[in-house]
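Here's the structure we're looking at; comments come further down.
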Amino acid sequence: MKGTSIASSVWAAEHDLDWALWTLVGSYYLREGAIGTNEYYGLLSWNWCEPRNSSFLERISALQYPFQGPGSAQSNPHKIIFHPSTGLCVLRSSLFEPLKLGPCSDSEGWSYSSEKTLTLKGTYFCMQAQGLDQPAKLGLICSSSGSKWETISDSKMHLSTIVDGDARVCLDVGSNNELITTSCKCLSKDNDCDPTSQWFKVVNSTRSRYQDATELEGFLWTSDMNHWKGLFGHWI
């Protein structure tokens, strides 16, 4: 997922776009006289037992929930920090461990101030860079340069700060989905450079942290796909 496809997912998240994916079926009993025809655009595999493309499903998982849509408007408005190439959001494990990526449904609210600090909503803790190639963590001293985050580059999706006096770094994804700060990538027009690990988007949201999963998500991850094939197969 690169280029325009990532830009599309960012646009969909920013505007809380309603969407649909066609089609569910993985194959057909009988279609145009042929038995067992494969549906190449189907969400499920040919035998209906698993998603056809699990990595794609993971990347769009965040968009299966409304960020601001019906049923969420009663919550307090806040921000989430969305990582479009994985479909995950920035989470905290604890107040002392590195920040990490995880399901957007588990994301707590953030606020982004005019002083360019990203603060965990309802607390005094802000996102801080510790140094080059070091983990990004929460901290209480939010006036330091490593706590000021701005969007740079033409994409406006590099979250950047200054460490060690004058070294510019960007938020990035390290091992085990933990967040680190590394040298900013692809700021020049290099078509061979891939910046997507450093692309983040601060998105408006009103949904609660533990919103129930959508029916689609529950369906996709059911352990017995053949049960559903038995229910729906005679309509296909």
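Residue numbering restarts at 1 in every chain; chains get A, B, ... in the order shown in the structure tokens, and ligands count up from 1 in that same order.
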With only C-alpha atoms as the counted atoms, please give the residues lying no more than 12 Å from Ile162 in chain A, apart from itself and same-chain residues fewer than 2 positions off, as a PyMOL selection string. chain A and resi 128-132+144-150+159-160+164-171+181-184
May I have the residues from that selection written out with N, CA, C and O atoms, as a compact mmCIF listing (two decimals), in the first residue's frame?
```
# COMPACT_ATOMS: atom_id res chain seq x y z
N GLN A 128 7.13 12.53 23.81
CA GLN A 128 8.46 13.10 23.83
C GLN A 128 9.44 12.21 23.07
O GLN A 128 9.38 10.98 23.16
N ALA A 129 10.35 12.85 22.34
CA ALA A 129 11.47 12.15 21.71
C ALA A 129 12.64 12.12 22.69
O ALA A 129 12.93 13.12 23.34
N GLN A 130 13.30 10.97 22.78
CA GLN A 130 14.43 10.82 23.70
C GLN A 130 15.77 11.07 23.01
O GLN A 130 16.77 11.31 23.67
N GLY A 131 15.78 10.98 21.68
CA GLY A 131 17.02 11.15 20.93
C GLY A 131 16.97 10.36 19.64
O GLY A 131 15.99 9.64 19.37
N LEU A 132 18.01 10.46 18.82
CA LEU A 132 18.07 9.75 17.55
C LEU A 132 18.08 8.25 17.79
O LEU A 132 18.87 7.74 18.60
N SER A 144 10.07 21.28 26.43
CA SER A 144 11.35 21.04 25.77
C SER A 144 11.16 20.87 24.27
O SER A 144 10.06 20.58 23.78
N SER A 145 12.25 21.03 23.51
CA SER A 145 12.16 20.95 22.05
C SER A 145 11.71 19.57 21.58
O SER A 145 11.01 19.44 20.58
N GLY A 146 12.10 18.52 22.27
CA GLY A 146 11.71 17.17 21.89
C GLY A 146 10.25 16.85 22.12
O GLY A 146 9.80 15.74 21.82
N SER A 147 9.50 17.82 22.65
CA SER A 147 8.07 17.65 22.87
C SER A 147 7.23 18.45 21.88
O SER A 147 6.00 18.43 21.96
N LYS A 148 7.90 19.18 20.98
CA LYS A 148 7.19 19.99 19.99
C LYS A 148 7.20 19.25 18.66
O LYS A 148 8.26 18.99 18.08
N TRP A 149 6.02 18.90 18.17
CA TRP A 149 5.89 18.10 16.96
C TRP A 149 5.21 18.90 15.86
O TRP A 149 4.16 19.49 16.09
N GLU A 150 5.83 18.92 14.70
CA GLU A 150 5.22 19.60 13.56
C GLU A 150 5.23 18.69 12.34
O GLU A 150 6.07 17.78 12.23
N LEU A 159 5.82 13.50 11.20
CA LEU A 159 5.75 14.17 12.50
C LEU A 159 7.18 14.33 12.99
O LEU A 159 7.85 13.36 13.32
N SER A 160 7.63 15.57 13.06
CA SER A 160 9.04 15.86 13.30
C SER A 160 9.25 16.71 14.54
O SER A 160 8.41 17.52 14.91
N ASP A 164 18.64 16.85 20.90
CA ASP A 164 20.09 17.10 21.06
C ASP A 164 20.49 18.47 20.51
O ASP A 164 21.54 18.63 19.88
N GLY A 165 19.63 19.46 20.72
CA GLY A 165 19.97 20.81 20.34
C GLY A 165 19.52 21.22 18.96
O GLY A 165 18.79 22.19 18.80
N ASP A 166 19.94 20.46 17.92
CA ASP A 166 19.61 20.89 16.56
C ASP A 166 19.38 19.73 15.60
O ASP A 166 19.35 19.94 14.38
N ALA A 167 19.23 18.52 16.09
CA ALA A 167 19.05 17.36 15.22
C ALA A 167 17.55 17.13 14.98
O ALA A 167 16.80 16.89 15.92
N ARG A 168 17.15 17.22 13.71
CA ARG A 168 15.74 16.97 13.38
C ARG A 168 15.52 15.48 13.18
O ARG A 168 16.23 14.82 12.43
N VAL A 169 14.51 14.96 13.85
CA VAL A 169 14.14 13.54 13.73
C VAL A 169 12.65 13.44 13.42
O VAL A 169 11.89 14.40 13.62
N CYS A 170 12.24 12.27 12.95
CA CYS A 170 10.84 12.02 12.64
C CYS A 170 10.36 10.77 13.37
O CYS A 170 11.14 9.83 13.61
N LEU A 171 9.10 10.79 13.72
CA LEU A 171 8.49 9.63 14.35
C LEU A 171 8.49 8.47 13.35
O LEU A 171 8.19 8.65 12.17
N THR A 181 12.30 7.51 17.14
CA THR A 181 12.54 8.69 16.31
C THR A 181 13.84 8.46 15.55
O THR A 181 14.88 8.15 16.14
N THR A 182 13.77 8.59 14.23
CA THR A 182 14.92 8.35 13.35
C THR A 182 15.11 9.56 12.44
O THR A 182 14.29 10.47 12.41
N SER A 183 16.20 9.55 11.70
CA SER A 183 16.44 10.60 10.72
C SER A 183 15.28 10.63 9.72
O SER A 183 14.81 9.57 9.26
N CYS A 184 14.81 11.80 9.40
CA CYS A 184 13.66 11.94 8.50
C CYS A 184 14.02 11.43 7.10
O CYS A 184 15.09 11.76 6.57
```
Nearby residues (only C-alpha atoms) at most 7 Å from Phe125 in chain A, same-chain spacing under 4 positions excluded, as a ChimeraX atom specification: /A:119-120,138-140
Would you mind telling me which residue in A:Ser175, A:Arg52, A:Leu101, A:Ser45 lies nearest to Ser85 in chain A when using only C-alpha atoms?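 Answer, going by the shortest atom-to-atom distance: A:Leu101.
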Near Pro195 in chain A, counting only C-alpha atoms, which residues have an atom at most 9 Å away, once you skip same-chain residues fewer than 5 positions from it, shown as a VMD selection string? chain A and resid 158 184 to 187
Just to confirm, what's the straight-line distance from CA of Gly42 in chain A to CA of Trp22 in chain A in Å (one decimal)?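 CA of Trp22 in chain A lies 6.7 Å from CA of Gly42 in chain A.
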Distance of CA of Leu99 in chain A from CA of Gly174 in chain A, expressed in Å to one decimal place: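 Computed distance, CA of Gly174 in chain A to CA of Leu99 in chain A, equals 10.6 Å.
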Name the residues of range 26-152 of chain A that fall into alpha helix (DSSP H) according to DSSP on the backbone, using the chain letters and numbers of this document, as a VMD selection string. chain A and resid 54 to 59
Can you tell me, as a compact mmCIF listing (two decimals) with N, CA, C and O atoms, in the first residue's frame, which residues in range 16-185 of chain A count as strand (DSSP E or B) by DSSP?
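Generated output (out13.txt):
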```
# COMPACT_ATOMS: atom_id res chain seq x y z
N SER A 27 -16.10 -17.49 -4.13
CA SER A 27 -16.32 -18.30 -5.33
C SER A 27 -17.83 -18.52 -5.48
O SER A 27 -18.62 -18.15 -4.61
N TYR A 28 -18.22 -19.13 -6.61
CA TYR A 28 -19.63 -19.37 -6.92
C TYR A 28 -19.85 -20.86 -7.19
O TYR A 28 -19.03 -21.52 -7.83
N TYR A 29 -20.98 -21.38 -6.67
CA TYR A 29 -21.34 -22.77 -7.01
C TYR A 29 -21.48 -22.91 -8.52
O TYR A 29 -20.97 -23.83 -9.13
N LEU A 30 -22.21 -21.98 -9.11
CA LEU A 30 -22.46 -22.02 -10.55
C LEU A 30 -22.57 -20.60 -11.06
O LEU A 30 -23.36 -19.80 -10.56
N ARG A 31 -21.76 -20.28 -12.06
CA ARG A 31 -21.81 -18.94 -12.65
C ARG A 31 -21.49 -19.04 -14.14
O ARG A 31 -20.42 -19.53 -14.51
N ALA A 34 -20.31 -22.34 -15.39
CA ALA A 34 -19.08 -22.92 -14.82
C ALA A 34 -19.26 -23.18 -13.33
O ALA A 34 -19.87 -22.38 -12.62
N ILE A 35 -18.73 -24.29 -12.86
CA ILE A 35 -18.84 -24.68 -11.45
C ILE A 35 -17.58 -24.25 -10.70
O ILE A 35 -16.46 -24.44 -11.18
N GLY A 36 -17.78 -23.66 -9.53
CA GLY A 36 -16.65 -23.29 -8.67
C GLY A 36 -15.82 -22.13 -9.19
O GLY A 36 -14.61 -22.07 -8.94
N THR A 37 -16.46 -21.19 -9.86
CA THR A 37 -15.73 -20.05 -10.41
C THR A 37 -15.14 -19.18 -9.29
O THR A 37 -15.83 -18.85 -8.33
N ASN A 38 -13.88 -18.84 -9.45
CA ASN A 38 -13.21 -17.99 -8.46
C ASN A 38 -13.65 -16.54 -8.63
O ASN A 38 -13.78 -16.05 -9.74
N LEU A 44 -13.35 -12.94 0.59
CA LEU A 44 -12.94 -14.24 1.12
C LEU A 44 -12.17 -15.03 0.07
O LEU A 44 -12.27 -14.78 -1.13
N PRO A 51 -9.79 -14.69 4.91
CA PRO A 51 -9.73 -13.51 4.04
C PRO A 51 -8.78 -13.75 2.86
O PRO A 51 -7.74 -14.40 3.01
N HIS A 78 -11.74 14.57 20.20
CA HIS A 78 -10.32 14.42 20.50
C HIS A 78 -9.59 14.06 19.21
O HIS A 78 -10.18 14.03 18.14
N LYS A 79 -8.30 13.80 19.33
CA LYS A 79 -7.48 13.39 18.20
C LYS A 79 -7.03 11.95 18.40
O LYS A 79 -6.90 11.47 19.53
N ILE A 80 -6.78 11.27 17.27
CA ILE A 80 -6.04 10.01 17.31
C ILE A 80 -4.89 10.16 16.33
O ILE A 80 -4.95 10.97 15.40
N ILE A 81 -3.83 9.39 16.54
CA ILE A 81 -2.65 9.46 15.68
C ILE A 81 -2.62 8.20 14.83
O ILE A 81 -2.29 7.11 15.31
N PHE A 82 -2.96 8.36 13.58
CA PHE A 82 -3.21 7.27 12.65
C PHE A 82 -1.96 7.00 11.80
O PHE A 82 -1.33 7.93 11.30
N HIS A 83 -1.61 5.71 11.66
CA HIS A 83 -0.48 5.30 10.83
C HIS A 83 -1.05 4.58 9.60
O HIS A 83 -1.39 3.41 9.65
N LEU A 88 -3.04 1.16 11.81
CA LEU A 88 -3.02 1.16 13.27
C LEU A 88 -2.88 2.58 13.80
O LEU A 88 -2.68 3.53 13.05
N CYS A 89 -3.01 2.72 15.12
CA CYS A 89 -2.93 4.03 15.78
C CYS A 89 -1.93 3.97 16.92
O CYS A 89 -1.56 2.90 17.41
N VAL A 90 -1.50 5.14 17.36
CA VAL A 90 -0.52 5.24 18.46
C VAL A 90 -1.22 4.97 19.79
O VAL A 90 -2.24 5.59 20.11
N LEU A 91 -0.65 4.03 20.56
CA LEU A 91 -1.19 3.64 21.87
C LEU A 91 -0.08 3.75 22.91
O LEU A 91 1.10 3.75 22.60
N LYS A 100 3.51 2.69 21.17
CA LYS A 100 3.50 1.63 20.17
C LYS A 100 2.29 1.80 19.27
O LYS A 100 1.39 2.62 19.52
N LEU A 101 2.25 1.01 18.20
CA LEU A 101 1.08 0.96 17.33
C LEU A 101 0.17 -0.18 17.76
O LEU A 101 0.64 -1.23 18.19
N GLY A 102 -1.13 0.06 17.64
CA GLY A 102 -2.11 -0.97 17.96
C GLY A 102 -3.45 -0.61 17.34
O GLY A 102 -3.57 0.39 16.63
N TRP A 110 -6.06 12.09 22.12
CA TRP A 110 -4.94 13.01 22.20
C TRP A 110 -5.44 14.43 21.93
O TRP A 110 -6.49 14.61 21.32
N SER A 111 -4.68 15.40 22.35
CA SER A 111 -4.94 16.79 21.94
C SER A 111 -3.66 17.34 21.33
O SER A 111 -2.55 16.97 21.74
N TYR A 112 -3.82 18.22 20.33
CA TYR A 112 -2.68 18.83 19.66
C TYR A 112 -2.80 20.34 19.84
O TYR A 112 -3.72 20.96 19.32
N LEU A 118 1.70 17.16 21.62
CA LEU A 118 0.70 16.09 21.53
C LEU A 118 0.54 15.51 22.93
O LEU A 118 1.44 14.83 23.44
N THR A 119 -0.59 15.82 23.55
CA THR A 119 -0.82 15.47 24.95
C THR A 119 -1.94 14.44 25.05
O THR A 119 -2.95 14.52 24.35
N LEU A 120 -1.72 13.45 25.92
CA LEU A 120 -2.76 12.46 26.18
C LEU A 120 -3.91 13.17 26.86
O LEU A 120 -3.74 13.76 27.94
N CYS A 126 2.74 14.18 27.70
CA CYS A 126 2.85 14.47 26.28
C CYS A 126 3.86 13.52 25.63
O CYS A 126 4.69 12.90 26.31
N MET A 127 3.76 13.43 24.30
CA MET A 127 4.70 12.61 23.56
C MET A 127 6.06 13.30 23.50
O MET A 127 6.15 14.48 23.17
N GLN A 128 7.13 12.53 23.81
CA GLN A 128 8.46 13.10 23.83
C GLN A 128 9.44 12.21 23.07
O GLN A 128 9.38 10.98 23.16
N ALA A 129 10.35 12.85 22.34
CA ALA A 129 11.47 12.15 21.71
C ALA A 129 12.64 12.12 22.69
O ALA A 129 12.93 13.12 23.34
N GLN A 134 16.01 6.47 19.31
CA GLN A 134 15.55 6.12 20.65
C GLN A 134 14.02 6.03 20.68
O GLN A 134 13.34 6.62 19.83
N PRO A 135 13.47 5.31 21.67
CA PRO A 135 12.01 5.19 21.74
C PRO A 135 11.32 6.53 22.00
O PRO A 135 11.88 7.41 22.66
N ALA A 136 10.13 6.66 21.49
CA ALA A 136 9.27 7.80 21.82
C ALA A 136 8.40 7.39 23.01
O ALA A 136 7.78 6.33 22.99
N LYS A 137 8.36 8.25 24.03
CA LYS A 137 7.66 7.93 25.26
C LYS A 137 6.79 9.10 25.70
O LYS A 137 6.80 10.17 25.10
N LEU A 138 6.04 8.86 26.77
CA LEU A 138 5.31 9.94 27.41
C LEU A 138 6.19 10.60 28.46
O LEU A 138 7.00 9.94 29.12
N GLY A 139 6.02 11.91 28.63
CA GLY A 139 6.77 12.64 29.64
C GLY A 139 5.96 13.80 30.16
O GLY A 139 4.91 14.16 29.62
N GLU A 150 5.83 18.92 14.70
CA GLU A 150 5.22 19.60 13.56
C GLU A 150 5.23 18.69 12.34
O GLU A 150 6.07 17.78 12.23
N THR A 151 4.29 18.93 11.45
CA THR A 151 4.23 18.15 10.22
C THR A 151 5.09 18.84 9.16
O THR A 151 4.99 20.04 8.95
N ILE A 152 5.95 18.04 8.54
CA ILE A 152 6.84 18.58 7.52
C ILE A 152 6.70 17.76 6.25
O ILE A 152 5.96 16.78 6.21
N HIS A 158 4.94 13.64 7.89
CA HIS A 158 6.08 13.39 8.76
C HIS A 158 5.87 14.17 10.06
O HIS A 158 5.76 15.40 10.03
N LEU A 159 5.82 13.50 11.20
CA LEU A 159 5.75 14.17 12.50
C LEU A 159 7.18 14.33 12.99
O LEU A 159 7.85 13.36 13.32
N SER A 160 7.63 15.57 13.06
CA SER A 160 9.04 15.86 13.30
C SER A 160 9.25 16.71 14.54
O SER A 160 8.41 17.52 14.91
N THR A 161 10.41 16.51 15.18
CA THR A 161 10.79 17.31 16.34
C THR A 161 12.31 17.47 16.35
O THR A 161 13.03 16.88 15.52
N ILE A 162 12.82 18.27 17.27
CA ILE A 162 14.25 18.54 17.39
C ILE A 162 14.78 17.89 18.67
O ILE A 162 14.18 18.05 19.75
N VAL A 163 15.91 17.18 18.56
CA VAL A 163 16.56 16.58 19.73
C VAL A 163 18.03 16.97 19.75
O VAL A 163 18.59 17.37 18.71
N ALA A 167 19.23 18.52 16.09
CA ALA A 167 19.05 17.36 15.22
C ALA A 167 17.55 17.13 14.98
O ALA A 167 16.80 16.89 15.92
N ARG A 168 17.15 17.22 13.71
CA ARG A 168 15.74 16.97 13.38
C ARG A 168 15.52 15.48 13.18
O ARG A 168 16.23 14.82 12.43
N VAL A 169 14.51 14.96 13.85
CA VAL A 169 14.14 13.54 13.73
C VAL A 169 12.65 13.44 13.42
O VAL A 169 11.89 14.40 13.62
N CYS A 170 12.24 12.27 12.95
CA CYS A 170 10.84 12.02 12.64
C CYS A 170 10.36 10.77 13.37
O CYS A 170 11.14 9.83 13.61
N LEU A 171 9.10 10.79 13.72
CA LEU A 171 8.49 9.63 14.35
C LEU A 171 8.49 8.47 13.35
O LEU A 171 8.19 8.65 12.17
N ASP A 172 8.84 7.28 13.82
CA ASP A 172 8.99 6.11 12.95
C ASP A 172 8.55 4.87 13.71
O ASP A 172 8.27 4.93 14.92
N VAL A 173 8.48 3.76 13.02
CA VAL A 173 8.05 2.49 13.62
C VAL A 173 9.25 1.55 13.67
O VAL A 173 9.88 1.27 12.64
N GLU A 178 6.93 -0.74 18.12
CA GLU A 178 7.24 0.34 19.05
C GLU A 178 7.67 1.57 18.27
O GLU A 178 8.32 1.48 17.23
N LEU A 179 7.32 2.75 18.79
CA LEU A 179 7.66 4.00 18.11
C LEU A 179 9.04 4.47 18.52
O LEU A 179 9.40 4.43 19.70
N ILE A 180 9.81 4.91 17.51
CA ILE A 180 11.13 5.47 17.73
C ILE A 180 11.22 6.77 16.93
O ILE A 180 10.32 7.09 16.14
N THR A 181 12.30 7.51 17.14
CA THR A 181 12.54 8.69 16.31
C THR A 181 13.84 8.46 15.55
O THR A 181 14.88 8.15 16.14
N THR A 182 13.77 8.59 14.23
CA THR A 182 14.92 8.35 13.35
C THR A 182 15.11 9.56 12.44
O THR A 182 14.29 10.47 12.41
N SER A 183 16.20 9.55 11.70
CA SER A 183 16.44 10.60 10.72
C SER A 183 15.28 10.63 9.72
O SER A 183 14.81 9.57 9.26
```
